[in-house]
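*Asks:* Below is one structure. I have some questions about it.
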Amino acid sequence: MPLLKLDQACLAFGHVPLLDHADFQLDPGERVALIGRNGTGKSSLLAALVGQGSLDDGQVWRQPGVKVAYVPQEPPLEPDHSVFEAVVSGLGEISRLLADYHQVSHAMGEAQADHEVLLQRLQHLQHELEALGAWTWQVRVDQVIARFGLDPDARVGSLSGGQKKRLALAQALAITPEVLLLDEPTNHLDIGAIEWLEELLLESGVTLFFITHDRRFLDRLATRVVELDRGKLASFPGNYGEYQRRKEAQLQEESVLNRKFDKLLKEEEVWIRKGVEARRTRAVFRVQRLEQLRLQRAARRERLGKVQMQLDAGAKSGELVVEMHDVCKAYGEQVVVRGFSTRILRGDKIGLIGPNGAGKTTLLRLILGELAPDSGQVRRGTKMEVAYFDQFRTQLDPEASLAQVISPGSDYVEIGGARKHVIGYLEDFLFAPERARSPVKSLSGGERNRLLLARLFARPANVLVLDEPTNDLDVETLELLEQLLQDYDGTLFLVSHDRAFLDNVVTQTLAAEGDGSWREYAGGYSDWAAYKAGLEAAQKQQVRETEARKVAASGAKKAEPAKPRGDRLSWKEQRELEALPERITALEAEQASLTARLEDPGLYQREPEAARQAAERLAAIDEELLELLERWEVLEAKAAP
C-alpha cells in the first residue's frame with residue numbers, strides 16, 4: 001500500500017504548466033530522488049505533497065495516520081527560539097511542556113533564582129508530562145540534538161547556515177516520521193556532514209523523497225530516480241548512473257520520433273499548398289489529418305535548452321600566481337592558518353577542502369592579497385585579473401533588474417572580443433527576454449546562481465575564485481559548468497562541498513588538517529580521501545604488527561623451557577642482548593621520521609630522488625627490525641634459567 005500518491009496533478013504559474021496531469025506513487029522503504037531543471041516545479045511538488053501548497057487540479061492522497069516530515073530549502077525557523085525549543089516545536093501540546101521543563105531545569109542551576117517557586121513549577125510540569133506519556137519524547141529529542149552535534153541552549157539566530165540545516169533535519173527526525181521529504185538537504189553542509197547524513201539516512205530506514213544536486217549523495221541513496229520534465233513525471237529504477245543510461249536512450253528515441261513526425265507534417269503542408277485537386281474522400285481525410293498534426297505540433301513541449309556558457313580568460317597572468325612561505329594567521333586564540341607554504345602557477349586548478357569554519361575563505365583572502373598574514377611571506381604574480389563568485393550572493397542587488405546586474409549602464413556585453421546584446425546573453429543562461437527587466441528578488445535560488453555566473457563570465461578574468469558555485473544548480477547545468485572549467489586556461493580556486501564536482505575539475509587540493517594546519521595534495525577529493533584512508537590503514541597495520549611482535553616475544557620467553565648450563569649466553573651474546581633495545585629504539589625513531597617525511601606529497605615533486613631513497617631506507621628498516629626482534633627472542637630464550 002503506498003504512503004503518498006499523486007493523481008493527475010496539474011499546476012501552472014503563468015502560461016507554463018509545471019505539472020501537466022502528473023502521476024506519482026511513493027511506497028514504503030523507497031528512497032526516491034526527484035530531479036529536473038531549475039524552475040520546473042520540483043519544490044512546488046514537494047510542498048503540495050505535504051499540504052503546504054495547492055494544486056490547480058488533481059489529487060494528493062496520503063495514507064491515513066502516516067507521519068510525514070518536510071525540510072524545505074530554507075527552513076522557517078524562529079531566530080529567538082533555542083535549539084531545544086525549535087526541535088520540539090513539531091510535537092503539538094507536548095512541545096510547549098517540554099520546552100518549559102527544559103527552561104525551568106536550567107533556571108534551577110542559577111544561583112540568584114527563586115528555587116522554591118521553580119521547584120513547584122518543575123513538579124507541576126512533571127505531572128503534566130507523565131499524564132501525556134511524554135518522557136519518551138524528552139529522551140528522543142535529547143538523543144537527536146546530541147546526534148546532530150547541536151547546543152540545545154543556543155539561539156537559532158546565532159547559528160551558521162550549516163547548523164541551521166542540521167537543526168531543520170533534527171526537527172524533522174524528532175517526530176520519528178515514516179516519510180521524510182528533503183529539498184536540497186546538502187546545501188550549506190560541509191563534506192564531513194554530508195557523508196554523516198548519508199550514513200544516518202541509510203541506517204534510519206525511513207522512506208525518502210528528496211531533491212538534490214549532489215550526484216554522489218544522489219547515487220548512494222537513491223533506489224529510484226523520478227524526473228520532472230515538461231510537466232510529466234518519469235520513473236527510472238536504480239541510482240543516478242542507471243538513470244543516465246536509460247535517459248540517454250529515451251532522448252534518442254524521442255528525437256527519432258520527432259524527426260519522423262516533423263517530416264510527415266512538412267510533406268502534408270507541401271501537399272495542401274498545391275491545392276486540393278478533387279473533393280474526394282481521400283482529400284478530405286488528408287485535410288483533417290493535417291489539422292490534427294498541426295494541433296499535435298503546437299501542443300508539443302520542447303525540452304528546455306542548455307545553458308550556453310563562455311568564459312574569457314583575457315590576457316595571461318604571469319607564470320607565478322602566488323608563493324607563500326611559512327604563513328600564519330590567527331583571530332585571537334584561534335589559529336586559522338599555521339606555517340603554510342605553497343607555490344601556485346598559472347593554469348593550476350586548486351580545490352579547498354575542509355569543514356565549515358576551518359578557514360577556507362581566510363586562506364583564499366590571504367592568497368588573493370585581501371588579507372595580510374600575521375607572519376610569513378606572500379609573493380604574488382603580475383597581470384592578475386580576478387573574478388569572485390560569492391556563495392552568499394551579496395553581489396546581487398535584489399531591487400536591480402537582470403539586465404542591470406549583467407551590464408550596468410549598457411545594453412551590450414563583450415565576450416571573447418565579440419559584442420552581444422544583454423537580452424541575448426541572458427537567453428544563453430535560460431532567462432526569457434521578457435524577464436530581462438524583472439528584479440533579482442523574483443528569482444529562485446538556482447536562477448540567482450545562474451545570474452551570478454552570467455555576471456561573472458561577462459568580464460574577462462585570468463584568476464577565477466568560486467565559493468560554493470554548485471548550490472541550487474540543476475545537474476545538467478553543473479555538468480556544463482564542469483566542462484567549461486576543465487577547458488579554462490586561467491587559474492582557478494574552487495571552494496566546494498560537491499565531491500563529484502571537485503573530482504571532475506581540480507588538479508590539486510588544499511585540505512584543512514585541523515588546528516590551522518593545511519596540506520597540499522595532488523588530484524581531487526577522491527584522491528585526497530584515498531590517500532588519507534591508505535595512511536590510516538598503514539598506521540593501524542603498523543600498530544598491529546608492533547603489538548604482535550611484543551606478544552610473540554613475550555610468549556616465546558614464557559614457553560621456552562630451561563636450558564642446560566651448556567646453552568647459557570656467552571659474554572659476547574650477553575653484551576649483544578643488552579644493546580638490542582637501544583638499537584631497536586633508534587631504528588623505530590628513524591622509521592617514524594621517514595614515515596612523516598614521506599607523508600608530504602610535495603616531497604615527490606621537489607625531491608623525487610630523495611623520496612625514492614627514503615622509501616628504500618624505510619623498507620630496509622622494516623627488514624632490519626624483524627631480524628633484530630627475532631635475534632632478541634633467540635637470545636632471551638637462551639638466557640632464561
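Chains: A, B, ... in order of the C-alpha cells. Residues: from 1 per chain. Ligands: from 1, in order shown.
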Per DSSP on the backbone, filter segment 206-286 of chain A down to the residues in strand (DSSP E) and report them as a ChimeraX atom specification.
*Replies:* /A:207-211,224-229,232-237
*Asks:* Write the residues of the selection above to a file with N, CA and C atoms, as an mmCIF file, in the first residue's frame.
*Replies:*
data_model
loop_
_atom_site.group_PDB
_atom_site.id
_atom_site.type_symbol
_atom_site.label_atom_id
_atom_site.label_comp_id
_atom_site.auth_asym_id
_atom_site.auth_seq_id
_atom_site.Cartn_x
_atom_site.Cartn_y
_atom_site.Cartn_z
ATOM 1 N N THR A 207 11.455 6.094 4.794
ATOM 2 C CA THR A 207 11.110 6.261 3.381
ATOM 3 C C THR A 207 11.427 7.699 2.981
ATOM 4 N N LEU A 208 12.169 7.856 1.902
ATOM 5 C CA LEU A 208 12.688 9.169 1.500
ATOM 6 C C LEU A 208 12.154 9.606 0.138
ATOM 7 N N PHE A 209 11.860 10.905 0.032
ATOM 8 C CA PHE A 209 11.608 11.533 -1.268
ATOM 9 C C PHE A 209 12.378 12.840 -1.220
ATOM 10 N N PHE A 210 13.426 12.975 -2.032
ATOM 11 C CA PHE A 210 14.333 14.111 -1.856
ATOM 12 C C PHE A 210 14.775 14.711 -3.184
ATOM 13 N N ILE A 211 15.074 16.009 -3.108
ATOM 14 C CA ILE A 211 15.636 16.763 -4.234
ATOM 15 C C ILE A 211 17.085 17.069 -3.891
ATOM 16 N N ARG A 224 15.428 4.794 -6.579
ATOM 17 C CA ARG A 224 14.678 5.122 -7.788
ATOM 18 C C ARG A 224 14.844 6.608 -8.063
ATOM 19 N N VAL A 225 14.928 6.968 -9.337
ATOM 20 C CA VAL A 225 15.042 8.366 -9.743
ATOM 21 C C VAL A 225 13.774 8.737 -10.514
ATOM 22 N N VAL A 226 13.151 9.849 -10.108
ATOM 23 C CA VAL A 226 11.973 10.370 -10.811
ATOM 24 C C VAL A 226 12.346 11.725 -11.396
ATOM 25 N N GLU A 227 12.116 11.891 -12.682
ATOM 26 C CA GLU A 227 12.461 13.150 -13.358
ATOM 27 C C GLU A 227 11.201 13.934 -13.682
ATOM 28 N N LEU A 228 11.222 15.217 -13.323
ATOM 29 C CA LEU A 228 10.151 16.136 -13.698
ATOM 30 C C LEU A 228 10.609 16.884 -14.945
ATOM 31 N N ASP A 229 9.979 16.571 -16.067
ATOM 32 C CA ASP A 229 10.401 17.133 -17.357
ATOM 33 C C ASP A 229 9.154 17.510 -18.160
ATOM 34 N N LYS A 232 5.688 16.396 -16.818
ATOM 35 C CA LYS A 232 5.434 14.974 -16.602
ATOM 36 C C LYS A 232 6.480 14.384 -15.650
ATOM 37 N N LEU A 233 6.069 13.333 -14.934
ATOM 38 C CA LEU A 233 6.976 12.619 -14.035
ATOM 39 C C LEU A 233 7.297 11.261 -14.636
ATOM 40 N N ALA A 234 8.584 11.029 -14.884
ATOM 41 C CA ALA A 234 9.042 9.750 -15.444
ATOM 42 C C ALA A 234 9.890 9.035 -14.406
ATOM 43 N N SER A 235 9.648 7.746 -14.205
ATOM 44 C CA SER A 235 10.329 6.968 -13.174
ATOM 45 C C SER A 235 11.410 6.096 -13.794
ATOM 46 N N PHE A 236 12.584 6.063 -13.134
ATOM 47 C CA PHE A 236 13.723 5.266 -13.581
ATOM 48 C C PHE A 236 14.246 4.457 -12.397
ATOM 49 N N PRO A 237 14.025 3.143 -12.366
ATOM 50 C CA PRO A 237 14.533 2.328 -11.250
ATOM 51 C C PRO A 237 16.062 2.368 -11.189
#
*Asks:* Contacts of Cys10 of chain A at 10 Å or less, counting only C-alpha atoms, minus same-chain residues fewer than 3 places along, as JSON, numbers by chain?
*Replies:* {"A": [7, 17, 18, 19, 20, 21, 22, 23, 54, 55, 56, 57, 58, 59, 231, 232]}
*Asks:* Quick one: residues within 7 Å of Arg346 of chain A, only C-alpha atoms, excluding same-chain residues fewer than 2 positions away - as a list in words?
*Replies:*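 Listing them by chain and then by number gives Ser317, Gly318, Glu319, Leu320, Val321, Ile344, Asp348, Gly490 and Thr491 of chain A.
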*Asks:* List every residue of segment 196-420 of chain A that DSSP, applied to the backbone of this structure, places in helix (DSSP H, G or I), and write the result as a short mmCIF file (atom, residue, chain, number, x, y, z; two decimals) with N, CA, C and O atoms, in the first residue's frame.
*Replies:*
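Listing of result04.cif after writing:
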data_model
loop_
_atom_site.label_atom_id
_atom_site.label_comp_id
_atom_site.auth_asym_id
_atom_site.auth_seq_id
_atom_site.Cartn_x
_atom_site.Cartn_y
_atom_site.Cartn_z
N TRP A 196 28.14 12.08 6.80
CA TRP A 196 27.47 11.67 8.03
C TRP A 196 25.96 11.55 7.80
O TRP A 196 25.31 10.60 8.26
N LEU A 197 25.37 12.51 7.06
CA LEU A 197 23.94 12.49 6.77
C LEU A 197 23.59 11.28 5.90
O LEU A 197 22.54 10.65 6.10
N GLU A 198 24.44 10.95 4.94
CA GLU A 198 24.22 9.75 4.12
C GLU A 198 24.08 8.52 5.00
O GLU A 198 23.14 7.72 4.85
N GLU A 199 25.03 8.35 5.93
CA GLU A 199 25.01 7.19 6.81
C GLU A 199 23.75 7.19 7.69
O GLU A 199 23.12 6.15 7.90
N LEU A 200 23.39 8.36 8.20
CA LEU A 200 22.22 8.48 9.08
C LEU A 200 20.95 8.06 8.35
O LEU A 200 20.14 7.29 8.89
N LEU A 201 20.77 8.53 7.13
CA LEU A 201 19.56 8.22 6.37
C LEU A 201 19.52 6.75 5.95
O LEU A 201 18.45 6.13 5.93
N LEU A 202 20.69 6.20 5.62
CA LEU A 202 20.73 4.78 5.26
C LEU A 202 20.41 3.90 6.46
O LEU A 202 19.70 2.90 6.34
N GLU A 203 20.93 4.26 7.63
CA GLU A 203 20.71 3.47 8.84
C GLU A 203 19.27 3.60 9.36
O GLU A 203 18.72 2.66 9.94
N SER A 204 18.66 4.78 9.16
CA SER A 204 17.34 5.03 9.74
C SER A 204 16.25 4.17 9.12
O SER A 204 15.26 3.84 9.77
N ARG A 215 25.49 14.78 -6.91
CA ARG A 215 25.40 13.50 -7.62
C ARG A 215 25.93 12.34 -6.80
O ARG A 215 25.42 11.22 -6.89
N ARG A 216 26.95 12.56 -5.97
CA ARG A 216 27.47 11.49 -5.13
C ARG A 216 26.43 11.10 -4.08
O ARG A 216 26.21 9.92 -3.81
N PHE A 217 25.78 12.09 -3.47
CA PHE A 217 24.72 11.86 -2.49
C PHE A 217 23.55 11.12 -3.14
O PHE A 217 23.02 10.14 -2.60
N LEU A 218 23.17 11.59 -4.31
CA LEU A 218 22.06 11.00 -5.06
C LEU A 218 22.35 9.55 -5.42
O LEU A 218 21.51 8.65 -5.24
N ASP A 219 23.56 9.31 -5.91
CA ASP A 219 23.94 7.98 -6.38
C ASP A 219 23.96 6.97 -5.24
O ASP A 219 23.63 5.80 -5.42
N ARG A 220 24.36 7.43 -4.05
CA ARG A 220 24.48 6.50 -2.92
C ARG A 220 23.13 6.18 -2.28
O ARG A 220 22.90 5.07 -1.80
N LEU A 221 22.21 7.17 -2.26
CA LEU A 221 20.96 6.98 -1.53
C LEU A 221 19.81 6.47 -2.38
O LEU A 221 18.98 5.69 -1.90
N TYR A 240 21.52 7.05 -9.86
CA TYR A 240 21.68 8.10 -10.87
C TYR A 240 22.42 7.61 -12.10
O TYR A 240 22.08 7.99 -13.23
N GLY A 241 23.41 6.74 -11.91
CA GLY A 241 24.14 6.20 -13.06
C GLY A 241 23.23 5.42 -13.98
O GLY A 241 23.31 5.54 -15.23
N GLU A 242 22.32 4.62 -13.40
CA GLU A 242 21.36 3.86 -14.21
C GLU A 242 20.40 4.80 -14.91
O GLU A 242 20.02 4.59 -16.08
N TYR A 243 19.97 5.87 -14.22
CA TYR A 243 19.09 6.88 -14.84
C TYR A 243 19.74 7.49 -16.08
O TYR A 243 19.09 7.66 -17.12
N GLN A 244 21.02 7.85 -15.97
CA GLN A 244 21.70 8.49 -17.10
C GLN A 244 21.69 7.60 -18.34
O GLN A 244 21.47 8.07 -19.46
N ARG A 245 21.94 6.29 -18.14
CA ARG A 245 21.95 5.37 -19.28
C ARG A 245 20.56 5.27 -19.92
O ARG A 245 20.42 5.33 -21.14
N ARG A 246 19.54 5.12 -19.09
CA ARG A 246 18.18 4.98 -19.61
C ARG A 246 17.69 6.28 -20.25
O ARG A 246 17.00 6.26 -21.27
N LYS A 247 18.03 7.43 -19.64
CA LYS A 247 17.57 8.71 -20.17
C LYS A 247 18.19 9.01 -21.53
O LYS A 247 17.50 9.54 -22.42
N GLU A 248 19.44 8.68 -21.70
CA GLU A 248 20.09 8.91 -23.00
C GLU A 248 19.38 8.13 -24.10
O GLU A 248 19.12 8.66 -25.18
N ALA A 249 19.06 6.86 -23.82
CA ALA A 249 18.35 6.04 -24.81
C ALA A 249 16.96 6.62 -25.08
O ALA A 249 16.50 6.65 -26.23
N GLN A 250 16.28 7.10 -24.03
CA GLN A 250 14.94 7.66 -24.19
C GLN A 250 14.96 8.92 -25.06
O GLN A 250 14.10 9.11 -25.93
N LEU A 251 15.95 9.80 -24.83
CA LEU A 251 16.05 11.03 -25.61
C LEU A 251 16.35 10.75 -27.07
O LEU A 251 15.84 11.44 -27.97
N GLN A 252 17.18 9.76 -27.33
CA GLN A 252 17.47 9.38 -28.71
C GLN A 252 16.21 8.89 -29.41
O GLN A 252 15.93 9.26 -30.56
N GLU A 253 15.43 8.07 -28.71
CA GLU A 253 14.18 7.56 -29.29
C GLU A 253 13.20 8.70 -29.54
O GLU A 253 12.55 8.76 -30.59
N GLU A 254 13.10 9.64 -28.57
CA GLU A 254 12.21 10.79 -28.73
C GLU A 254 12.63 11.65 -29.91
O GLU A 254 11.78 12.13 -30.68
N SER A 255 13.93 11.82 -30.10
CA SER A 255 14.44 12.62 -31.21
C SER A 255 14.07 12.00 -32.56
O SER A 255 13.66 12.70 -33.49
N VAL A 256 14.20 10.68 -32.66
CA VAL A 256 13.85 9.98 -33.91
C VAL A 256 12.36 10.14 -34.22
O VAL A 256 11.97 10.45 -35.36
N LEU A 257 11.51 9.94 -33.21
CA LEU A 257 10.06 10.07 -33.41
C LEU A 257 9.68 11.49 -33.82
O LEU A 257 8.83 11.69 -34.69
N ASN A 258 10.32 12.49 -33.18
CA ASN A 258 10.02 13.89 -33.52
C ASN A 258 10.44 14.21 -34.95
O ASN A 258 9.73 14.94 -35.66
N ARG A 259 11.59 13.69 -35.37
CA ARG A 259 12.03 13.93 -36.75
C ARG A 259 11.05 13.31 -37.76
O ARG A 259 10.73 13.93 -38.78
N LYS A 260 10.59 12.10 -37.47
CA LYS A 260 9.63 11.45 -38.38
C LYS A 260 8.32 12.24 -38.42
O LYS A 260 7.73 12.43 -39.50
N PHE A 261 7.86 12.70 -37.27
CA PHE A 261 6.63 13.48 -37.21
C PHE A 261 6.77 14.78 -38.00
O PHE A 261 5.89 15.15 -38.78
N ASP A 262 7.89 15.48 -37.78
CA ASP A 262 8.11 16.75 -38.47
C ASP A 262 8.21 16.57 -39.99
O ASP A 262 7.75 17.42 -40.77
N LYS A 263 8.80 15.45 -40.41
CA LYS A 263 8.91 15.16 -41.85
C LYS A 263 7.52 14.95 -42.45
O LYS A 263 7.20 15.47 -43.54
N LEU A 264 6.66 14.18 -41.75
CA LEU A 264 5.30 13.95 -42.23
C LEU A 264 4.51 15.24 -42.30
O LEU A 264 3.80 15.52 -43.28
N LEU A 265 4.63 16.08 -41.27
CA LEU A 265 3.93 17.36 -41.25
C LEU A 265 4.38 18.24 -42.41
O LEU A 265 3.56 18.89 -43.08
N LYS A 266 5.68 18.27 -42.67
CA LYS A 266 6.20 19.07 -43.77
C LYS A 266 5.64 18.61 -45.11
O LYS A 266 5.27 19.43 -45.97
N GLU A 267 5.58 17.28 -45.30
CA GLU A 267 5.05 16.73 -46.56
C GLU A 267 3.58 17.10 -46.74
O GLU A 267 3.14 17.45 -47.85
N GLU A 268 2.80 17.05 -45.67
CA GLU A 268 1.38 17.39 -45.76
C GLU A 268 1.19 18.88 -46.01
O GLU A 268 0.25 19.30 -46.71
N GLU A 269 2.06 19.72 -45.43
CA GLU A 269 1.98 21.17 -45.68
C GLU A 269 2.26 21.48 -47.15
O GLU A 269 1.61 22.34 -47.75
N VAL A 270 3.24 20.77 -47.73
CA VAL A 270 3.54 20.95 -49.15
C VAL A 270 2.33 20.56 -50.00
O VAL A 270 1.95 21.24 -50.96
N TRP A 271 1.70 19.44 -49.64
CA TRP A 271 0.54 18.96 -50.42
C TRP A 271 -0.62 19.95 -50.37
O TRP A 271 -1.24 20.25 -51.38
N ILE A 272 -0.90 20.52 -49.17
CA ILE A 272 -2.05 21.42 -49.06
C ILE A 272 -1.82 22.72 -49.81
O ILE A 272 -2.75 23.35 -50.32
N ARG A 273 -0.52 23.15 -49.88
CA ARG A 273 -0.23 24.39 -50.60
C ARG A 273 -0.41 24.24 -52.11
O ARG A 273 -0.64 25.20 -52.82
N LYS A 274 -0.31 23.01 -52.59
CA LYS A 274 -0.52 22.77 -54.03
C LYS A 274 -1.98 22.85 -54.42
O LYS A 274 -2.32 22.96 -55.59
N THR A 281 -13.04 11.66 -50.98
CA THR A 281 -12.95 11.31 -49.56
C THR A 281 -11.51 11.32 -49.09
O THR A 281 -11.19 11.77 -47.99
N ARG A 282 -10.60 10.85 -49.94
CA ARG A 282 -9.18 10.78 -49.58
C ARG A 282 -8.64 12.18 -49.30
O ARG A 282 -7.90 12.39 -48.34
N ALA A 283 -9.00 13.15 -50.14
CA ALA A 283 -8.50 14.51 -49.96
C ALA A 283 -9.04 15.12 -48.67
O ALA A 283 -8.33 15.79 -47.92
N VAL A 284 -10.34 14.88 -48.41
CA VAL A 284 -10.93 15.40 -47.19
C VAL A 284 -10.24 14.81 -45.95
O VAL A 284 -9.96 15.50 -44.97
N PHE A 285 -9.94 13.52 -46.01
CA PHE A 285 -9.24 12.86 -44.90
C PHE A 285 -7.87 13.48 -44.66
O PHE A 285 -7.48 13.72 -43.52
N ARG A 286 -7.14 13.79 -45.74
CA ARG A 286 -5.79 14.36 -45.59
C ARG A 286 -5.85 15.75 -44.99
O ARG A 286 -4.99 16.14 -44.20
N VAL A 287 -6.89 16.52 -45.36
CA VAL A 287 -7.05 17.86 -44.78
C VAL A 287 -7.30 17.75 -43.27
O VAL A 287 -6.72 18.47 -42.47
N GLN A 288 -8.16 16.80 -42.89
CA GLN A 288 -8.45 16.60 -41.47
C GLN A 288 -7.21 16.13 -40.70
O GLN A 288 -6.95 16.57 -39.58
N ARG A 289 -6.46 15.23 -41.32
CA ARG A 289 -5.24 14.74 -40.66
C ARG A 289 -4.23 15.86 -40.48
O ARG A 289 -3.55 15.95 -39.45
N LEU A 290 -4.13 16.75 -41.48
CA LEU A 290 -3.20 17.87 -41.38
C LEU A 290 -3.57 18.77 -40.20
O LEU A 290 -2.70 19.23 -39.45
N GLU A 291 -4.87 19.01 -40.01
CA GLU A 291 -5.30 19.82 -38.88
C GLU A 291 -4.90 19.18 -37.56
O GLU A 291 -4.46 19.84 -36.63
N GLN A 292 -5.06 17.85 -37.47
CA GLN A 292 -4.66 17.13 -36.27
C GLN A 292 -3.15 17.21 -36.03
O GLN A 292 -2.69 17.39 -34.90
N LEU A 293 -2.37 17.08 -37.11
CA LEU A 293 -0.92 17.16 -36.99
C LEU A 293 -0.48 18.53 -36.51
O LEU A 293 0.43 18.67 -35.69
N ARG A 294 -1.15 19.58 -37.01
CA ARG A 294 -0.81 20.93 -36.58
C ARG A 294 -1.10 21.13 -35.09
O ARG A 294 -0.32 21.75 -34.36
N LEU A 295 -2.23 20.58 -34.64
CA LEU A 295 -2.57 20.69 -33.24
C LEU A 295 -1.57 19.94 -32.36
O LEU A 295 -1.16 20.43 -31.30
N GLN A 296 -1.18 18.75 -32.79
CA GLN A 296 -0.20 17.96 -32.02
C GLN A 296 1.14 18.68 -31.94
O GLN A 296 1.80 18.68 -30.91
N ARG A 297 1.54 19.30 -33.06
CA ARG A 297 2.83 20.01 -33.08
C ARG A 297 2.79 21.23 -32.18
O ARG A 297 3.77 21.54 -31.47
N ALA A 298 1.66 21.94 -32.16
CA ALA A 298 1.54 23.12 -31.31
C ALA A 298 1.54 22.75 -29.83
O ALA A 298 2.04 23.50 -28.99
N ALA A 299 1.00 21.56 -29.51
CA ALA A 299 0.93 21.13 -28.11
C ALA A 299 2.24 20.54 -27.61
O ALA A 299 2.43 20.40 -26.40
N LYS A 360 38.64 28.32 5.13
CA LYS A 360 38.84 28.28 3.67
C LYS A 360 38.80 29.69 3.08
O LYS A 360 39.64 30.04 2.24
N THR A 361 37.82 30.49 3.51
CA THR A 361 37.71 31.85 2.99
C THR A 361 38.90 32.70 3.42
O THR A 361 39.42 33.51 2.64
N THR A 362 39.36 32.51 4.66
CA THR A 362 40.54 33.26 5.14
C THR A 362 41.77 32.91 4.30
O THR A 362 42.53 33.82 3.91
N LEU A 363 41.98 31.64 4.01
CA LEU A 363 43.12 31.23 3.20
C LEU A 363 43.03 31.83 1.80
O LEU A 363 44.04 32.30 1.24
N LEU A 364 41.84 31.85 1.23
CA LEU A 364 41.65 32.47 -0.09
C LEU A 364 42.01 33.95 -0.06
O LEU A 364 42.67 34.46 -0.96
N ARG A 365 41.57 34.64 0.97
CA ARG A 365 41.85 36.08 1.07
C ARG A 365 43.34 36.34 1.26
O ARG A 365 43.87 37.35 0.75
N LEU A 366 44.04 35.45 1.95
CA LEU A 366 45.49 35.58 2.06
C LEU A 366 46.15 35.39 0.71
O LEU A 366 47.09 36.12 0.34
N ILE A 367 45.67 34.40 -0.05
CA ILE A 367 46.23 34.12 -1.38
C ILE A 367 46.02 35.30 -2.32
O ILE A 367 46.91 35.69 -3.08
N LEU A 368 44.82 35.91 -2.26
CA LEU A 368 44.46 36.98 -3.19
C LEU A 368 44.97 38.35 -2.74
O LEU A 368 44.82 39.33 -3.48
N LEU A 402 17.59 42.17 -14.04
CA LEU A 402 18.59 41.21 -14.51
C LEU A 402 19.56 41.88 -15.47
O LEU A 402 20.77 41.64 -15.42
N ALA A 403 19.03 42.73 -16.36
CA ALA A 403 19.88 43.41 -17.34
C ALA A 403 20.87 44.35 -16.64
O ALA A 403 22.04 44.45 -17.05
N GLN A 404 20.43 45.05 -15.61
CA GLN A 404 21.33 45.96 -14.88
C GLN A 404 22.44 45.20 -14.17
O GLN A 404 23.57 45.68 -14.07
N VAL A 405 22.14 44.00 -13.66
CA VAL A 405 23.15 43.20 -12.98
C VAL A 405 24.24 42.78 -13.97
O VAL A 405 25.43 42.82 -13.65
N ILE A 406 23.84 42.39 -15.17
CA ILE A 406 24.79 41.88 -16.15
C ILE A 406 25.63 43.01 -16.74
O ILE A 406 26.86 42.89 -16.87
#
*Asks:* Determine, counting only C-alpha atoms, which protein, DNA and RNA residues have an atom within 12 Å of an atom of segment 524-530 of chain A; residues of the same chain fewer than 3 positions away are not included. Present the result as a ChimeraX atom specification.
*Replies:* /A:191-192,216,349-354,494-513,519-521,533-537,601
*Asks:* Skipping near chain neighbours, those fewer than 2 positions away, what residues fall within 9 Å of segment 70-77 of chain A using only C-alpha atoms, listed as number ranges by chain?
*Replies:* A: 43, 46-47, 50, 68, 79-81, 86, 156-157, 164-165, 168-169, 171-172, 179-185, 187
*Asks:* Could you check which of A:Gly376, A:Phe84, A:Val104, A:Gln52 is closest to Ala146 of chain A, using only C-alpha atoms?
*Replies:* A:Phe84
*Asks:* Would you compute the distance between atom CA of Asp214 of chain A and atom CA of Pro355 of chain A? Give it in Å to one decimal.
*Replies:*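 The value is 17.0 Å.
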*Asks:* One number please: atom CA of Ile194 of chain A to atom CA of Val141 of chain A, in Å, one decimal.
*Replies:*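 Those two atoms sit 21.4 Å apart.
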*Asks:* Can you list, as a list in words, every protein, DNA or RNA residue that comes within 10 Å of segment 422-428 of chain A when you count only C-alpha atoms, leaving out same-chain residues fewer than 4 positions away?
*Replies:* Gly305, Lys306, Val307, Gln308, Met309, Gln310, Leu402, Ala403, Gln404, Ile406, Ser407, Ser410, Asp411, Tyr412, Val413, Glu414, Ile415, Ala432, Pro433, Glu434, Arg435, Ala436, Arg437, Arg450, Leu451, Ala454, Arg455 and Ala458 of chain A
*Asks:* Excluding Arg37 of chain A and any residue of its chain fewer than 4 positions from it, enumerate the residues within 9 Å of it, using only C-alpha atoms, and give them as number ranges by chain.
*Replies:* A: 41-42, 228-229, 304, 473-477
*Asks:* Keeping only N, CA and C atoms, write the selected residues to a file as a PDB file, in the first residue's frame.
*Replies:*
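result-v2.pdb written:
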ATOM      1  N   GLY A  41       9.474  23.072 -11.138  1.00  0.00           N
ATOM      2  CA  GLY A  41       8.410  22.859 -10.173  1.00  0.00           C
ATOM      3  C   GLY A  41       8.669  21.768  -9.152  1.00  0.00           C
ATOM      4  N   LYS A  42       9.935  21.394  -8.941  1.00  0.00           N
ATOM      5  CA  LYS A  42      10.241  20.304  -8.002  1.00  0.00           C
ATOM      6  C   LYS A  42       9.837  20.679  -6.572  1.00  0.00           C
ATOM      7  N   LEU A 228      11.222  15.217 -13.323  1.00  0.00           N
ATOM      8  CA  LEU A 228      10.151  16.136 -13.698  1.00  0.00           C
ATOM      9  C   LEU A 228      10.609  16.884 -14.945  1.00  0.00           C
ATOM     10  N   ASP A 229       9.979  16.571 -16.067  1.00  0.00           N
ATOM     11  CA  ASP A 229      10.401  17.133 -17.357  1.00  0.00           C
ATOM     12  C   ASP A 229       9.154  17.510 -18.160  1.00  0.00           C
ATOM     13  N   LEU A 304      13.706  21.804 -22.505  1.00  0.00           N
ATOM     14  CA  LEU A 304      14.362  23.079 -22.194  1.00  0.00           C
ATOM     15  C   LEU A 304      15.813  23.049 -22.655  1.00  0.00           C
ATOM     16  N   LEU A 473      22.053  24.673  -8.253  1.00  0.00           N
ATOM     17  CA  LEU A 473      22.105  24.460  -9.695  1.00  0.00           C
ATOM     18  C   LEU A 473      21.613  23.058 -10.025  1.00  0.00           C
ATOM     19  N   ASP A 474      20.886  22.921 -11.152  1.00  0.00           N
ATOM     20  CA  ASP A 474      20.454  21.586 -11.551  1.00  0.00           C
ATOM     21  C   ASP A 474      21.649  20.807 -12.104  1.00  0.00           C
ATOM     22  N   VAL A 475      21.476  19.499 -12.220  1.00  0.00           N
ATOM     23  CA  VAL A 475      22.590  18.619 -12.569  1.00  0.00           C
ATOM     24  C   VAL A 475      23.133  18.920 -13.960  1.00  0.00           C
ATOM     25  N   GLU A 476      22.248  19.196 -14.924  1.00  0.00           N
ATOM     26  CA  GLU A 476      22.711  19.465 -16.290  1.00  0.00           C
ATOM     27  C   GLU A 476      23.584  20.710 -16.333  1.00  0.00           C
ATOM     28  N   THR A 477      23.171  21.765 -15.648  1.00  0.00           N
ATOM     29  CA  THR A 477      23.973  22.995 -15.621  1.00  0.00           C
ATOM     30  C   THR A 477      25.298  22.752 -14.907  1.00  0.00           C
TER      31      THR A 477
END
